[in-house]
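Visitor: Got a structure for you, questions after.
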Amino acid sequence: LEDILNSGQRPKMEEYEKQLFITMNIPVIIDNSVIIEQVSLFIGENFILSFYSGDQDHFDPLRARIRNKIGRIRYKKSDYLIYCLLDLIIDHGYPVLEQFGDKIEDIETTLINSTARQQTLAEIHHIKKELLLLRRSIWPQRELMNNLLRDDHDLIKKDTLIYLRDCYDHTIQMMELIEA
């Protein structure tokens, strides 16, 4: 409970007797700055509890799929739902990285075509700082996904591991995008 209340936790997973506790981060851009919102998940045999620190409802698309009976989500167990939540959390980073790609292209164009180098250098420094924040947020999520795949958890069924591998691949892709 302390980890839920103290947002800013590093992404992690803790295993308890009959449940898993996972903390993940969702990057959002507010007022031209990256804000890392924390998502905490308790997973049991037949339940998932989620808590998040931000104001946005990141899980609404998933709830809509459940309400509209779309896809596997209606007949799979809680481990599949946790995959869907983790996938949604991880994939939320792509639009943030795309915005940075667009900013970097604009700055490159400005540097080539402009004499306003001081302001442009300040923008580069700001983007570099924001990308480092994203990297520090995504790196432990990659490790968390790797642990979910590697370790044997009673609550995660074998047929769900293939979906979790997709989440792991996405974290690697994001790290590669950040580093590029």
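So you can find residues: chains in the structure tokens are A, B, ... in the order shown, residues in each start at 1, and ligands are numbered from 1 in order.
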May I have a table of the residues of segment 86-172 of chain A lying at most 12 Å from segment 4-8 of chain A, giving each one's closest pair of atoms and their distance in Å to one decimal, counting only C-alpha atoms, ordered by chain and ascending residue number, as JSON lines?

Guide:
```
{"residue": "A:Leu133", "atom": "CA", "partner": "A:Gly8", "partner_atom": "CA", "distance": 11.9}
{"residue": "A:Arg136", "atom": "CA", "partner": "A:Gly8", "partner_atom": "CA", "distance": 11.5}
{"residue": "A:Ser137", "atom": "CA", "partner": "A:Gly8", "partner_atom": "CA", "distance": 9.7}
```

Visitor: Go ahead and save the residues from that selection, with C-alpha atoms, as a compact mmCIF listing (two decimals), in the first residue's frame.

Guide:
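The new file part23.txt reads:
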```txt
# COMPACT_ATOMS: atom_id res chain seq x y z
CA LEU A 133 13.71 10.60 -18.01
CA ARG A 136 14.99 5.73 -16.79
CA SER A 137 11.28 4.94 -16.76
```

Visitor: Name all residues at most 8 Å from Asp87 of chain A (count only C-alpha atoms; drop same-chain ones fewer than 6 positions away) and give them as a list in words.

Guide: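 Non-adjacent residues within range: Leu164, Asp166 and Cys167 of chain A.
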
Visitor: If you run DSSP on the backbone here, which positions in segment 54-172 of chain A get helix (DSSP H, G or I)? Please write them as a PyMOL selection string.

Guide: chain A and resi 60-67+72-74+78-91+93-113+117-150+158-172

Visitor: Calculated over only C-alpha atoms, which of the candidates A:Asp102, A:Gln173, A:Tyr80, A:Glu179 has the smallest distance to Leu161 of chain A?

Guide: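 Nearest candidate to Leu161 of chain A out of A:Asp102, A:Gln173, A:Tyr80, A:Glu179: A:Tyr80.
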
Visitor: Just how far from atom CA of Ile82 of chain A is atom CA of Glu45 of chain A, in Å to one decimal?

Guide: 11.2 Å

Visitor: What is the distance between atom CA of Gln9 of chain A and atom CA of Leu49 of chain A, in Å to one decimal?

Guide: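 Computing it gives 17.4 Å between the two atoms.
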
Visitor: Neighbouring residues of Gly93 of chain A were defined as those with any atom within 10 Å, considering only C-alpha atoms; residues of the same chain fewer than 3 positions away were excluded. Please report them as a list in words.

Guide: Asn25, Ile26, Pro27, Val28, Leu88, Ile89, Ile90, Val96, Leu97, Glu98, Leu134, Ile138, His170, Thr171 and Met174 of chain A

Visitor: Under the rule that only C-alpha atoms are counted, which of A:Met145, A:Glu105, A:Met24, A:Ile36 is the nearest residue to Pro11 of chain A?

Guide: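 So, comparing all the options, the nearest one is A:Met24.
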
Visitor: Hey, what's within 9 Å of Phe51 of chain A if we count only C-alpha atoms and toss same-chain stuff fewer than 4 positions away? As a compact mmCIF listing (two decimals) with all heavy atoms, in the first residue's frame, please?

Guide:
```
# COMPACT_ATOMS: atom_id res chain seq x y z
N ILE A 4 1.85 2.22 -3.47
CA ILE A 4 0.77 2.85 -4.24
C ILE A 4 0.68 4.33 -3.90
O ILE A 4 0.57 5.18 -4.77
CB ILE A 4 -0.59 2.17 -3.96
CG1 ILE A 4 -0.57 0.75 -4.49
CG2 ILE A 4 -1.73 2.95 -4.59
CD1 ILE A 4 -1.77 -0.07 -4.06
N GLN A 38 2.31 6.83 -12.34
CA GLN A 38 2.51 5.48 -11.82
C GLN A 38 1.21 4.67 -11.89
O GLN A 38 0.15 5.18 -11.58
CB GLN A 38 2.98 5.54 -10.37
CG GLN A 38 3.19 4.18 -9.73
CD GLN A 38 3.75 4.30 -8.34
OE1 GLN A 38 4.79 4.90 -8.16
NE2 GLN A 38 3.07 3.73 -7.37
N VAL A 39 1.34 3.43 -12.31
CA VAL A 39 0.22 2.48 -12.31
C VAL A 39 0.63 1.31 -11.43
O VAL A 39 1.70 0.73 -11.61
CB VAL A 39 -0.09 1.97 -13.72
CG1 VAL A 39 -1.22 0.94 -13.69
CG2 VAL A 39 -0.43 3.11 -14.65
N SER A 40 -0.22 0.99 -10.46
CA SER A 40 0.03 -0.14 -9.57
C SER A 40 -1.06 -1.17 -9.79
O SER A 40 -2.25 -0.84 -9.88
CB SER A 40 0.02 0.31 -8.10
OG SER A 40 1.02 1.28 -7.89
N LEU A 41 -0.65 -2.43 -9.89
CA LEU A 41 -1.59 -3.52 -10.20
C LEU A 41 -1.41 -4.65 -9.19
O LEU A 41 -0.30 -5.10 -8.94
CB LEU A 41 -1.33 -4.06 -11.60
CG LEU A 41 -1.39 -3.07 -12.75
CD1 LEU A 41 -0.70 -3.62 -13.97
CD2 LEU A 41 -2.82 -2.71 -13.05
N PHE A 42 -2.52 -5.11 -8.63
CA PHE A 42 -2.55 -6.33 -7.83
C PHE A 42 -3.25 -7.39 -8.67
O PHE A 42 -4.36 -7.16 -9.16
CB PHE A 42 -3.34 -6.13 -6.52
CG PHE A 42 -2.60 -5.35 -5.49
CD1 PHE A 42 -2.85 -3.99 -5.34
CD2 PHE A 42 -1.68 -5.96 -4.66
CE1 PHE A 42 -2.18 -3.26 -4.38
CE2 PHE A 42 -1.01 -5.24 -3.70
CZ PHE A 42 -1.26 -3.88 -3.55
```

Visitor: Compare A:Glu176, A:Asp31, A:Asp106, A:Asp154 by their minimum atom-to-atom distance to Arg135 of chain A, counting only C-alpha atoms, and give me the closest one.

Guide: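 Result for the nearest residue to Arg135 of chain A: A:Glu176.
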
Visitor: Quote the spacing between atom CA of Lys128 of chain A and atom CA of Thr23 of chain A in Å to one decimal place.

Guide: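 About the pair atom CA of Lys128 of chain A and atom CA of Thr23 of chain A: they are 25.2 Å apart.
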
Visitor: List every residue of chain A that DSSP, applied to the backbone, labels as strand (DSSP E or B), and write the result as an NGL selection string.

Guide: :A and (12-16 or 19-30 or 33-43 or 48-52)

Visitor: Excluding Tyr83 of chain A and any residue of its chain fewer than 6 positions from it, enumerate the residues within 12 Å of it, using only C-alpha atoms, and give them as number ranges by chain.

Guide: A: 22, 41, 43, 48, 62, 72-73, 76-77, 89-91, 145, 148-149, 155-157, 159-168

Visitor: Ranking A:Glu15, A:Ile66, A:Asp3, A:Phe100 by minimum distance to Ala180 of chain A and counting only C-alpha atoms, which one comes first?

Guide: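 That would be A:Phe100, the residue with the smallest distance to Ala180 of chain A.
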